[in-house]
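Student: One file: query_28.pdb (PDB, C-alpha atoms).
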```pdb
ATOM      1  CA  MET V   1     -28.312 -17.182  23.598
ATOM      2  CA  PRO V   2     -31.394 -16.172  21.586
ATOM      3  CA  ARG V   3     -30.778 -13.206  19.287
ATOM      4  CA  ASN V   4     -33.056 -10.638  17.672
ATOM      5  CA  CYS V   5     -32.175 -11.279  14.029
ATOM      6  CA  VAL V   6     -33.230  -8.566  11.583
ATOM      7  CA  LEU V   7     -33.197  -9.589   7.921
ATOM      8  CA  ILE V   8     -32.535  -6.672   5.563
ATOM      9  CA  GLY V   9     -32.828  -7.469   1.878
ATOM     10  CA  ALA V  10     -30.436  -5.436  -0.273
ATOM     11  CA  PRO V  11     -30.750  -6.670  -3.872
ATOM     12  CA  VAL V  12     -27.984  -4.395  -5.114
ATOM     13  CA  ASP V  13     -26.767  -5.513  -8.546
ATOM     14  CA  SER V  14     -24.881  -2.431  -9.713
ATOM     15  CA  GLY V  15     -21.463  -3.172  -8.223
ATOM     16  CA  LYS V  16     -20.452  -5.217 -11.244
ATOM     17  CA  ARG V  17     -21.516  -5.754 -14.816
ATOM     18  CA  ARG V  18     -22.714  -9.358 -14.597
ATOM     19  CA  GLN V  19     -26.321  -9.353 -13.480
ATOM     20  CA  GLY V  20     -28.187 -11.763 -11.217
ATOM     21  CA  CYS V  21     -27.369 -10.906  -7.596
ATOM     22  CA  LEU V  22     -30.602  -8.963  -7.268
ATOM     23  CA  MET V  23     -32.294 -12.352  -6.885
ATOM     24  CA  GLY V  24     -30.068 -13.280  -3.930
ATOM     25  CA  PRO V  25     -32.228 -12.070  -1.002
ATOM     26  CA  ASP V  26     -35.312 -13.933  -2.125
ATOM     27  CA  ALA V  27     -33.280 -17.076  -2.865
ATOM     28  CA  LEU V  28     -32.005 -17.056   0.723
ATOM     29  CA  ARG V  29     -35.539 -16.672   2.007
ATOM     30  CA  ILE V  30     -36.802 -19.522  -0.185
ATOM     31  CA  ALA V  31     -33.919 -21.691   1.040
ATOM     32  CA  GLY V  32     -35.362 -21.399   4.547
ATOM     33  CA  LEU V  33     -33.266 -18.796   6.335
ATOM     34  CA  HIS V  34     -36.160 -17.601   8.517
ATOM     35  CA  ASP V  35     -37.119 -21.110   9.632
ATOM     36  CA  ALA V  36     -33.496 -22.104  10.232
ATOM     37  CA  LEU V  37     -33.043 -19.189  12.631
ATOM     38  CA  THR V  38     -36.365 -19.542  14.454
ATOM     39  CA  GLY V  39     -35.682 -23.268  14.774
ATOM     40  CA  LEU V  40     -32.579 -22.371  16.773
ATOM     41  CA  GLY V  41     -34.647 -20.268  19.161
ATOM     42  CA  HIS V  42     -33.909 -16.847  17.664
ATOM     43  CA  HIS V  43     -36.486 -14.133  17.063
ATOM     44  CA  VAL V  44     -36.560 -13.061  13.408
ATOM     45  CA  THR V  45     -37.901  -9.865  11.856
ATOM     46  CA  ASP V  46     -37.777  -9.589   8.076
ATOM     47  CA  LEU V  47     -37.815  -5.964   6.908
ATOM     48  CA  GLY V  48     -38.193  -7.005   3.268
ATOM     49  CA  ASN V  49     -36.083  -5.613   0.465
ATOM     50  CA  LEU V  50     -34.782  -2.059   0.464
ATOM     51  CA  SER V  51     -35.521   0.211  -2.474
ATOM     52  CA  PRO V  52     -33.006   3.040  -2.856
ATOM     53  CA  ARG V  53     -33.895   6.542  -3.871
ATOM     54  CA  PRO V  54     -32.117   8.079  -6.883
ATOM     55  CA  VAL V  55     -29.125  10.212  -5.972
ATOM     56  CA  ALA V  56     -29.050  13.658  -7.521
ATOM     57  CA  GLU V  57     -25.568  14.700  -6.373
ATOM     58  CA  PRO V  58     -22.752  14.044  -8.843
ATOM     59  CA  CYS V  59     -20.269  11.196  -8.366
ATOM     60  CA  ASP V  60     -17.077  12.539  -9.880
ATOM     61  CA  MET V  61     -15.390   9.201 -10.490
ATOM     62  CA  PRO V  62     -13.235   7.872 -13.334
ATOM     63  CA  ALA V  63     -15.212   7.303 -16.519
ATOM     64  CA  HIS V  64     -14.727   3.525 -16.460
ATOM     65  CA  ILE V  65     -16.478   3.090 -13.088
ATOM     66  CA  HIS V  66     -19.694   1.132 -13.562
ATOM     67  CA  ALA V  67     -22.982   2.598 -12.237
ATOM     68  CA  PRO V  68     -21.553   4.880  -9.508
ATOM     69  CA  HIS V  69     -24.824   6.781  -8.929
ATOM     70  CA  GLN V  70     -26.877   3.626  -8.526
ATOM     71  CA  THR V  71     -24.310   2.057  -6.202
ATOM     72  CA  LYS V  72     -24.151   5.217  -4.092
ATOM     73  CA  SER V  73     -27.957   5.117  -3.769
ATOM     74  CA  TRP V  74     -27.744   1.575  -2.451
ATOM     75  CA  ALA V  75     -24.959   2.451   0.005
ATOM     76  CA  GLN V  76     -27.027   5.296   1.430
ATOM     77  CA  ALA V  77     -30.192   3.173   1.652
ATOM     78  CA  ILE V  78     -28.370   0.411   3.528
ATOM     79  CA  ALA V  79     -26.639   2.836   5.889
ATOM     80  CA  ASN V  80     -29.972   4.598   6.551
ATOM     81  CA  ALA V  81     -31.666   1.283   7.359
ATOM     82  CA  ILE V  82     -29.090   0.653  10.084
ATOM     83  CA  GLU V  83     -30.273   3.748  11.953
ATOM     84  CA  SER V  84     -33.421   1.865  12.995
ATOM     85  CA  ILE V  85     -31.436  -1.067  14.403
ATOM     86  CA  SER V  86     -31.256  -1.301  18.183
ATOM     87  CA  ALA V  87     -28.162  -2.223  20.176
ATOM     88  CA  ASP V  88     -29.569  -5.700  20.836
ATOM     89  CA  ASP V  89     -30.402  -6.500  17.205
ATOM     90  CA  LEU V  90     -28.330  -8.664  14.874
ATOM     91  CA  PRO V  91     -28.784  -7.245  11.355
ATOM     92  CA  ILE V  92     -28.267  -9.759   8.554
ATOM     93  CA  PHE V  93     -27.861  -8.070   5.169
ATOM     94  CA  LEU V  94     -29.098 -10.267   2.329
ATOM     95  CA  GLY V  95     -27.282  -9.422  -0.893
ATOM     96  CA  GLY V  96     -26.837  -8.485  -3.510
ATOM     97  CA  ASP V  97     -23.254  -8.037  -4.711
ATOM     98  CA  HIS V  98     -20.400  -7.040  -2.401
ATOM     99  CA  SER V  99     -20.872  -3.312  -3.041
ATOM    100  CA  LEU V 100     -23.577  -3.825  -0.401
ATOM    101  CA  SER V 101     -20.727  -3.433   2.115
ATOM    102  CA  LEU V 102     -20.164   0.152   0.977
ATOM    103  CA  GLY V 103     -23.248   0.776   3.112
ATOM    104  CA  SER V 104     -23.220  -1.963   5.730
ATOM    105  CA  VAL V 105     -19.664  -1.613   7.048
ATOM    106  CA  PRO V 106     -19.595   2.209   7.465
ATOM    107  CA  GLY V 107     -23.158   2.097   8.793
ATOM    108  CA  MET V 108     -22.314  -0.538  11.386
ATOM    109  CA  ALA V 109     -19.123   1.346  12.321
ATOM    110  CA  ARG V 110     -21.259   4.403  13.165
ATOM    111  CA  HIS V 111     -23.661   2.147  15.047
ATOM    112  CA  ALA V 112     -20.803   0.676  17.085
ATOM    113  CA  ALA V 113     -19.301   4.091  17.802
ATOM    114  CA  ALA V 114     -22.639   5.257  19.200
ATOM    115  CA  GLN V 115     -22.390   2.397  21.701
ATOM    116  CA  GLY V 116     -18.790   3.248  22.540
ATOM    117  CA  LYS V 117     -17.395   0.171  20.797
ATOM    118  CA  PRO V 118     -14.649  -0.130  18.163
ATOM    119  CA  GLN V 119     -15.666  -1.784  14.895
ATOM    120  CA  PHE V 120     -13.902  -4.920  13.647
ATOM    121  CA  VAL V 121     -14.476  -6.653  10.307
ATOM    122  CA  LEU V 122     -13.974 -10.304   9.336
ATOM    123  CA  TRP V 123     -13.870 -10.503   5.535
ATOM    124  CA  LEU V 124     -14.452 -14.025   4.157
ATOM    125  CA  ASP V 125     -13.610 -13.703   0.496
ATOM    126  CA  ALA V 126     -11.407 -14.910  -2.360
ATOM    127  CA  HIS V 127     -10.709 -11.243  -3.124
ATOM    128  CA  SER V 128      -9.485  -8.441  -0.906
ATOM    129  CA  ASP V 129     -11.903  -5.808  -2.296
ATOM    130  CA  PHE V 130      -9.297  -3.182  -1.388
ATOM    131  CA  HIS V 131      -9.313  -1.301  -4.701
ATOM    132  CA  THR V 132     -10.060   2.389  -4.952
ATOM    133  CA  PRO V 133     -11.945   3.685  -8.000
ATOM    134  CA  SER V 134      -8.668   4.886  -9.490
ATOM    135  CA  SER V 135      -6.821   1.587  -8.966
ATOM    136  CA  SER V 136      -9.637  -0.629 -10.244
ATOM    137  CA  THR V 137      -9.154  -1.777 -13.827
ATOM    138  CA  SER V 138     -12.575  -3.457 -14.044
ATOM    139  CA  GLY V 139     -14.480  -0.397 -12.834
ATOM    140  CA  ASN V 140     -16.642  -2.627 -10.638
ATOM    141  CA  LEU V 141     -17.369  -1.076  -7.250
ATOM    142  CA  HIS V 142     -17.959  -4.447  -5.580
ATOM    143  CA  GLY V 143     -14.159  -4.624  -5.442
ATOM    144  CA  THR V 144     -13.797  -1.444  -3.337
ATOM    145  CA  PRO V 145     -15.689  -1.709  -0.001
ATOM    146  CA  LEU V 146     -12.697  -2.232   2.301
ATOM    147  CA  ALA V 147     -10.829   0.710   0.795
ATOM    148  CA  TYR V 148     -13.898   2.883   1.303
ATOM    149  CA  ALA V 149     -14.540   1.668   4.843
ATOM    150  CA  THR V 150     -10.958   2.402   5.890
ATOM    151  CA  GLY V 151     -11.169   5.975   4.574
ATOM    152  CA  LYS V 152      -9.166   5.696   1.359
ATOM    153  CA  LYS V 153      -9.481   8.627  -1.034
ATOM    154  CA  GLY V 154     -11.089   8.574  -4.465
ATOM    155  CA  PHE V 155     -14.747   7.959  -3.592
ATOM    156  CA  SER V 156     -15.909  11.367  -4.758
ATOM    157  CA  GLY V 157     -19.622  11.899  -4.225
ATOM    158  CA  PHE V 158     -19.907   9.155  -1.615
ATOM    159  CA  PRO V 159     -20.444  10.210   2.008
ATOM    160  CA  ARG V 160     -17.316  10.623   4.108
ATOM    161  CA  VAL V 161     -16.801   7.533   6.248
ATOM    162  CA  GLN V 162     -16.935   8.537   9.898
ATOM    163  CA  PRO V 163     -15.472   6.848  11.781
ATOM    164  CA  PRO V 164     -13.301   4.870   9.351
ATOM    165  CA  VAL V 165     -12.485   1.307  10.346
ATOM    166  CA  PRO V 166      -8.811   1.047  11.418
ATOM    167  CA  GLU V 167      -6.860  -1.228   9.111
ATOM    168  CA  ASP V 168      -5.626  -3.376  11.976
ATOM    169  CA  HIS V 169      -9.260  -4.057  12.909
ATOM    170  CA  ILE V 170      -9.766  -6.025   9.681
ATOM    171  CA  CYS V 171      -8.972  -9.680   8.958
ATOM    172  CA  ILE V 172      -9.366 -11.236   5.499
ATOM    173  CA  LEU V 173      -9.571 -15.031   5.249
ATOM    174  CA  GLY V 174      -9.518 -17.099   2.053
ATOM    175  CA  LEU V 175      -7.596 -14.863  -0.353
ATOM    176  CA  ARG V 176      -6.583 -16.398  -3.671
ATOM    177  CA  SER V 177      -7.213 -13.682  -6.272
ATOM    178  CA  VAL V 178      -5.567 -10.314  -5.568
ATOM    179  CA  ASP V 179      -4.674  -7.754  -8.250
ATOM    180  CA  ALA V 180      -1.198  -6.231  -8.283
ATOM    181  CA  ALA V 181      -2.386  -2.782  -7.161
ATOM    182  CA  GLU V 182      -4.358  -4.300  -4.290
ATOM    183  CA  ARG V 183      -1.420  -6.451  -3.274
ATOM    184  CA  ASP V 184       0.834  -3.428  -2.998
ATOM    185  CA  MET V 185      -1.755  -1.526  -0.938
ATOM    186  CA  LEU V 186      -2.416  -4.517   1.299
ATOM    187  CA  GLN V 187       1.261  -5.070   1.969
ATOM    188  CA  ALA V 188       1.573  -1.423   3.003
ATOM    189  CA  SER V 189      -1.510  -1.665   5.231
ATOM    190  CA  GLY V 190      -2.175  -2.985   8.709
ATOM    191  CA  ILE V 191      -4.854  -5.401   7.526
ATOM    192  CA  ARG V 192      -4.487  -8.998   8.665
ATOM    193  CA  ARG V 193      -4.634 -11.144   5.558
ATOM    194  CA  HIS V 194      -4.499 -14.904   5.119
ATOM    195  CA  ASP V 195      -4.444 -16.508   1.701
ATOM    196  CA  MET V 196      -5.247 -20.143   1.019
ATOM    197  CA  ARG V 197      -1.584 -21.114   1.354
ATOM    198  CA  ASP V 198      -1.630 -19.820   4.942
ATOM    199  CA  ILE V 199      -4.763 -21.847   5.566
ATOM    200  CA  ASP V 200      -3.286 -24.949   3.935
ATOM    201  CA  GLU V 201      -0.134 -24.675   6.047
ATOM    202  CA  THR V 202      -1.552 -23.725   9.463
ATOM    203  CA  GLY V 203      -5.278 -24.438   9.230
ATOM    204  CA  ILE V 204      -8.074 -21.904   9.336
ATOM    205  CA  ALA V 205      -8.683 -21.989  13.101
ATOM    206  CA  ARG V 206      -5.388 -20.451  14.224
ATOM    207  CA  PRO V 207      -5.596 -17.065  12.426
ATOM    208  CA  LEU V 208      -9.304 -16.775  13.150
ATOM    209  CA  ALA V 209      -8.853 -17.495  16.862
ATOM    210  CA  ALA V 210      -6.113 -14.860  17.081
ATOM    211  CA  PHE V 211      -8.375 -12.269  15.470
ATOM    212  CA  LEU V 212     -11.384 -13.127  17.619
ATOM    213  CA  ASP V 213      -9.192 -12.816  20.695
ATOM    214  CA  THR V 214      -8.190  -9.307  19.583
ATOM    215  CA  VAL V 215     -11.837  -8.316  19.093
ATOM    216  CA  ALA V 216     -12.782  -9.656  22.522
ATOM    217  CA  GLN V 217      -9.924  -7.894  24.290
ATOM    218  CA  ALA V 218     -11.035  -4.588  22.742
ATOM    219  CA  ASN V 219     -14.715  -5.248  23.588
ATOM    220  CA  GLY V 220     -15.343  -4.668  19.907
ATOM    221  CA  ALA V 221     -18.295  -5.113  17.576
ATOM    222  CA  LEU V 222     -17.653  -7.751  14.896
ATOM    223  CA  HIS V 223     -19.093  -7.371  11.408
ATOM    224  CA  VAL V 224     -18.767 -10.566   9.355
ATOM    225  CA  SER V 225     -18.896 -10.169   5.575
ATOM    226  CA  PHE V 226     -19.384 -13.526   3.847
ATOM    227  CA  ASP V 227     -18.850 -13.669   0.085
ATOM    228  CA  VAL V 228     -19.978 -16.863  -1.656
ATOM    229  CA  ASP V 229     -16.619 -17.100  -3.428
ATOM    230  CA  PHE V 230     -14.914 -17.690  -0.072
ATOM    231  CA  LEU V 231     -16.051 -21.259  -0.726
ATOM    232  CA  ASP V 232     -14.625 -23.476  -3.411
ATOM    233  CA  PRO V 233     -16.938 -23.287  -6.454
ATOM    234  CA  GLY V 234     -17.262 -27.065  -6.367
ATOM    235  CA  PHE V 235     -19.433 -26.582  -3.279
ATOM    236  CA  ALA V 236     -20.982 -23.210  -4.145
ATOM    237  CA  PRO V 237     -21.218 -22.555  -7.897
ATOM    238  CA  ALA V 238     -23.725 -19.672  -7.793
ATOM    239  CA  VAL V 239     -21.285 -16.785  -7.975
ATOM    240  CA  GLY V 240     -19.973 -14.782 -10.916
ATOM    241  CA  THR V 241     -16.435 -14.502  -9.500
ATOM    242  CA  THR V 242     -15.500 -18.171  -9.060
ATOM    243  CA  VAL V 243     -11.898 -18.921  -8.125
ATOM    244  CA  PRO V 244     -10.876 -22.581  -7.688
ATOM    245  CA  GLY V 245      -9.175 -23.687  -4.498
ATOM    246  CA  GLY V 246     -11.424 -22.056  -1.933
ATOM    247  CA  ALA V 247     -12.517 -23.089   1.529
ATOM    248  CA  THR V 248     -14.170 -26.463   1.963
ATOM    249  CA  ILE V 249     -17.600 -26.858   3.496
ATOM    250  CA  ARG V 250     -16.013 -28.191   6.686
ATOM    251  CA  GLU V 251     -13.590 -25.242   6.931
ATOM    252  CA  ALA V 252     -16.475 -22.798   6.411
ATOM    253  CA  HIS V 253     -18.572 -24.458   9.100
ATOM    254  CA  LEU V 254     -15.614 -24.357  11.491
ATOM    255  CA  VAL V 255     -15.278 -20.601  10.886
ATOM    256  CA  MET V 256     -18.963 -20.083  11.590
ATOM    257  CA  GLU V 257     -18.932 -22.315  14.659
ATOM    258  CA  MET V 258     -15.955 -20.417  16.077
ATOM    259  CA  ILE V 259     -17.756 -17.126  15.449
ATOM    260  CA  CYS V 260     -20.758 -18.525  17.316
ATOM    261  CA  ASP V 261     -18.600 -19.730  20.221
ATOM    262  CA  SER V 262     -17.026 -16.290  20.528
ATOM    263  CA  GLY V 263     -20.381 -14.535  20.942
ATOM    264  CA  LEU V 264     -18.883 -11.502  19.186
ATOM    265  CA  MET V 265     -20.805 -11.201  15.897
ATOM    266  CA  SER V 266     -22.874  -8.017  15.800
ATOM    267  CA  SER V 267     -23.806  -7.982  12.077
ATOM    268  CA  LEU V 268     -23.516 -10.162   8.973
ATOM    269  CA  ASP V 269     -23.355  -9.693   5.197
ATOM    270  CA  LEU V 270     -24.364 -12.500   2.819
ATOM    271  CA  VAL V 271     -23.247 -11.407  -0.635
ATOM    272  CA  GLU V 272     -22.606 -12.333  -4.261
ATOM    273  CA  LEU V 273     -25.205 -15.120  -4.458
ATOM    274  CA  ASN V 274     -26.354 -15.267  -8.087
ATOM    275  CA  PRO V 275     -29.248 -17.769  -8.245
ATOM    276  CA  PHE V 276     -29.150 -17.679 -12.065
ATOM    277  CA  LEU V 277     -25.848 -19.596 -11.820
ATOM    278  CA  ASP V 278     -26.989 -22.047  -9.141
ATOM    279  CA  GLU V 279     -27.850 -25.736  -9.313
ATOM    280  CA  ARG V 280     -31.386 -26.220  -7.924
ATOM    281  CA  GLY V 281     -30.763 -23.818  -5.057
ATOM    282  CA  ARG V 282     -27.675 -25.676  -3.865
ATOM    283  CA  THR V 283     -25.588 -22.603  -3.008
ATOM    284  CA  ALA V 284     -28.406 -20.772  -1.261
ATOM    285  CA  GLN V 285     -28.965 -23.822   0.947
ATOM    286  CA  VAL V 286     -25.241 -23.977   1.782
ATOM    287  CA  MET V 287     -25.347 -20.334   2.839
ATOM    288  CA  VAL V 288     -28.384 -20.901   5.049
ATOM    289  CA  ASP V 289     -26.658 -23.874   6.689
ATOM    290  CA  LEU V 290     -23.553 -21.767   7.356
ATOM    291  CA  VAL V 291     -25.613 -18.971   8.909
ATOM    292  CA  ALA V 292     -27.233 -21.579  11.137
ATOM    293  CA  SER V 293     -23.758 -22.690  12.267
ATOM    294  CA  ALA V 294     -22.872 -19.075  13.055
ATOM    295  CA  LEU V 295     -25.970 -18.845  15.236
ATOM    296  CA  GLY V 296     -25.815 -22.043  17.202
ATOM    297  CA  ARG V 297     -26.483 -25.147  15.137
ATOM    298  CA  ARG V 298     -24.143 -27.985  16.110
ATOM    299  CA  VAL V 299     -24.109 -31.755  16.472
ATOM    300  CA  PHE V 300     -23.168 -31.791  20.165
ATOM    301  CA  ASP V 301     -23.044 -29.046  22.773
ATOM    302  CA  ARG V 302     -19.544 -27.911  23.593
ATOM    303  CA  GLN V 303     -18.125 -25.803  26.349
ATOM    304  CA  THR V 304     -18.078 -22.220  25.070
ATOM    305  CA  GLN V 305     -14.561 -21.095  24.240
ATOM    306  CA  ALA V 306     -13.460 -17.999  26.110
ATOM    307  CA  PHE V 307     -11.910 -15.238  24.014
ATOM    308  CA  GLY V 308     -10.035 -12.481  25.753
TER
END
```
Is it possible to express this structure as structure tokens?

Tutor:
Amino acid sequence: MPRNCVLIGAPVDSGKRRQGCLMGPDALRIAGLHDALTGLGHHVTDLGNLSPRPVAEPCDMPAHIHAPHQTKSWAQAIANAIESISADDLPIFLGGDHSLSLGSVPGMARHAAAQGKPQFVLWLDAHSDFHTPSSSTSGNLHGTPLAYATGKKGFSGFPRVQPPVPEDHICILGLRSVDAAERDMLQASGIRRHDMRDIDETGIARPLAAFLDTVAQANGALHVSFDVDFLDPGFAPAVGTTVPGGATIREAHLVMEMICDSGLMSSLDLVELNPFLDERGRTAQVMVDLVASALGRRVFDRQTQAFG
């Protein structure tokens, strides 16, 4: 089915100390994202890149937290941009580091609630990003979005998340680098989590299908947050948080094809692309190809799988 795809550039680069993700949105455009989507029959509107306003209110966070004011400005700008999105639009947030999701996930949760739908989140990432500012040893806020979106405390100065995303509405696929504090919090949470051993043992389709079935049964809105480091760095080197042993290209395409078959995706993050670390645009092109799979590109037509 044709979709109204809305590209929202969010070149946030304050969620961590290593710079370069601010070039991500334009790299995705240069790699042909617009043409890939229109070639599949979708209508595409590109809103350009957001430019956040400085935040005057204090962010009373631990001293080691990197750039909290700047990151809060980005979160507010992204959440505000969502207010102009209609119920029929598919916003695609072009990042930018993963602190982008401090704005996109709460903003989409409010958007879903206004339509009477529960929000679900599929997190494709090597990391769980479930730190709070007090548990983070790096001080990098790109490792905190899921804690913030679920209503964890410690985000002083950031807007209160309303409604928070229920923990059992979240599924993380591809985990292979989780800090001790995050591991303890995850194990005490209701979040569905699947590390690469799970995927090696059972395949990636089984846990994803179970989650998509849950979303469909609840008539939920599905936000997909795709971090480049979900992929093995041998396929996608342009990320500052490389962890060997990630998803293969074929596994990633299968995930995106299953998302497409489900018809459930209501919004998408593309984050952590650092073109400075890329090889002639290789990673940006991989990301564009994966988005195309999520929106209908395939070799042969298949009968749509029914979820729910």

Student: Tell me which residues the PyMOL selection byres ((chain V and resi 9-21) around 7) grabs here, as number ranges by chain.

Tutor: V: 7-8, 22-25, 48-50, 66-67, 70-71, 74, 93-97, 99-100, 140-142, 272-276

Student: Determine, counting only C-alpha atoms, which protein, DNA and RNA residues have an atom within 6 Å of an atom of stretch 169-173 of chain V; residues of the same chain fewer than 4 positions away are not included. Present the result as a PyMOL selection string.

Tutor: chain V and resi 120-124+191-194

Student: Generate the output file for the selected residues, C-alpha atoms, as a PDB file, in the coordinates of the input.

Tutor:
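Resulting contents of again_4.pdb:
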```
ATOM      1  CA  PHE V 120     -13.902  -4.920  13.647  1.00  0.00           C
ATOM      2  CA  VAL V 121     -14.476  -6.653  10.307  1.00  0.00           C
ATOM      3  CA  LEU V 122     -13.974 -10.304   9.336  1.00  0.00           C
ATOM      4  CA  TRP V 123     -13.870 -10.503   5.535  1.00  0.00           C
ATOM      5  CA  LEU V 124     -14.452 -14.025   4.157  1.00  0.00           C
ATOM      6  CA  ILE V 191      -4.854  -5.401   7.526  1.00  0.00           C
ATOM      7  CA  ARG V 192      -4.487  -8.998   8.665  1.00  0.00           C
ATOM      8  CA  ARG V 193      -4.634 -11.144   5.558  1.00  0.00           C
ATOM      9  CA  HIS V 194      -4.499 -14.904   5.119  1.00  0.00           C
TER      10      HIS V 194
END
```

Student: What is the atom CA of V:Asp195-atom CA of V:Asp227 distance in Å, reported with one decimal?

Tutor: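 Atom CA of V:Asp195 sits 14.8 Å away from atom CA of V:Asp227.
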
Student: I'd like the contact shell of V:Thr45 - 12 Å cut-off, only C-alpha atoms, skipping same-chain residues fewer than 4 positions apart - returned as a ChimeraX atom specification.

Tutor: /V:3-9,33-35,37-38,85,89-92

Student: Can you list what the PyMOL selection byres ((chain V and resi 198-213) around 8) grabs from this structure, as a PyMOL selection string?

Tutor: chain V and resi 171+174+194-197+214-217+251+254-255+258-259+262+264+307-308

Student: From the options V:Asp184, V:Asp26, V:Ser101, V:Thr248, which residue's atoms come nearest to V:Val271, counting only C-alpha atoms?

Tutor: V:Ser101

Student: Name the closest residue to V:Glu279 among the candidates V:Ala109, V:Ala292, V:Ala236, V:Ala31; distances are taken between atoms, counting only C-alpha atoms.

Tutor: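 Of V:Ala109, V:Ala292, V:Ala236, V:Ala31, the one nearest V:Glu279 is V:Ala236, counting only C-alpha atoms.
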
Student: Which neighbours of V:Met1 fall inside 10 Å, counting all atoms listed in the file, when residues of the same chain fewer than 4 positions from it are skipped, and could you give them as a PDB file with C-alpha atoms, in the frame of the given file?

Tutor:
```
ATOM      1  CA  LEU V  40     -32.579 -22.371  16.773  1.00  0.00           C
ATOM      2  CA  GLY V  41     -34.647 -20.268  19.161  1.00  0.00           C
ATOM      3  CA  HIS V  42     -33.909 -16.847  17.664  1.00  0.00           C
ATOM      4  CA  CYS V 260     -20.758 -18.525  17.316  1.00  0.00           C
ATOM      5  CA  GLY V 263     -20.381 -14.535  20.942  1.00  0.00           C
ATOM      6  CA  LEU V 295     -25.970 -18.845  15.236  1.00  0.00           C
ATOM      7  CA  GLY V 296     -25.815 -22.043  17.202  1.00  0.00           C
TER       8      GLY V 296
END
```

Student: Please indicate the distance in Å from atom CA of V:Gly151 to atom CA of V:Leu270, rounded to one decimal place.

Tutor: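 Going from atom CA of V:Gly151 over to atom CA of V:Leu270 covers 22.8 Å.
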
Student: What is the distance, in Å and to one decimal place, between atom CA of V:Ala284 and atom CA of V:Asp129?

Tutor: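 If I compute the distance from atom CA of V:Ala284 to atom CA of V:Asp129, I get 22.3 Å.
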
Student: Pick the closest to V:Val291 from V:Met256, V:Asp261, V:Phe230, V:Arg160: which is it, counting all atoms listed in the file?

Tutor: V:Met256

Student: Tell me which of V:Phe226, V:Val239, V:Gly234, V:Met265 sits closest to V:Ala252, counting all atoms listed in the file.

Tutor: V:Phe226

Student: Measuring between all atoms listed in the file, which one of V:Asp278, V:Asp46, V:Glu57, V:Asp289 shows the shortest distance to V:Gly240?

Tutor: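 Of the candidates, the smallest distance to V:Gly240 is held by V:Asp278.
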
Student: With the PyMOL selection byres ((chain V and resi 223) around 8) as the selection, what would be picked from this file? Answer as a PDB file with C-alpha atoms, in the frame of the given file, please.

Tutor:
```pdb
ATOM      1  CA  VAL V 105     -19.664  -1.613   7.048  1.00  0.00           C
ATOM      2  CA  MET V 108     -22.314  -0.538  11.386  1.00  0.00           C
ATOM      3  CA  GLN V 119     -15.666  -1.784  14.895  1.00  0.00           C
ATOM      4  CA  PHE V 120     -13.902  -4.920  13.647  1.00  0.00           C
ATOM      5  CA  VAL V 121     -14.476  -6.653  10.307  1.00  0.00           C
ATOM      6  CA  LEU V 122     -13.974 -10.304   9.336  1.00  0.00           C
ATOM      7  CA  ALA V 221     -18.295  -5.113  17.576  1.00  0.00           C
ATOM      8  CA  LEU V 222     -17.653  -7.751  14.896  1.00  0.00           C
ATOM      9  CA  VAL V 224     -18.767 -10.566   9.355  1.00  0.00           C
ATOM     10  CA  SER V 225     -18.896 -10.169   5.575  1.00  0.00           C
ATOM     11  CA  MET V 265     -20.805 -11.201  15.897  1.00  0.00           C
ATOM     12  CA  SER V 266     -22.874  -8.017  15.800  1.00  0.00           C
ATOM     13  CA  SER V 267     -23.806  -7.982  12.077  1.00  0.00           C
ATOM     14  CA  LEU V 268     -23.516 -10.162   8.973  1.00  0.00           C
ATOM     15  CA  ASP V 269     -23.355  -9.693   5.197  1.00  0.00           C
TER      16      ASP V 269
END
```

Student: Restricting the calculation to all atoms listed in the file: of V:Gly143, V:Pro163, V:Ser156, V:Gly116, which residue gets closest to V:Ser177?

Tutor: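 With all atoms listed in the file as the atom set, the closest residue is V:Gly143.
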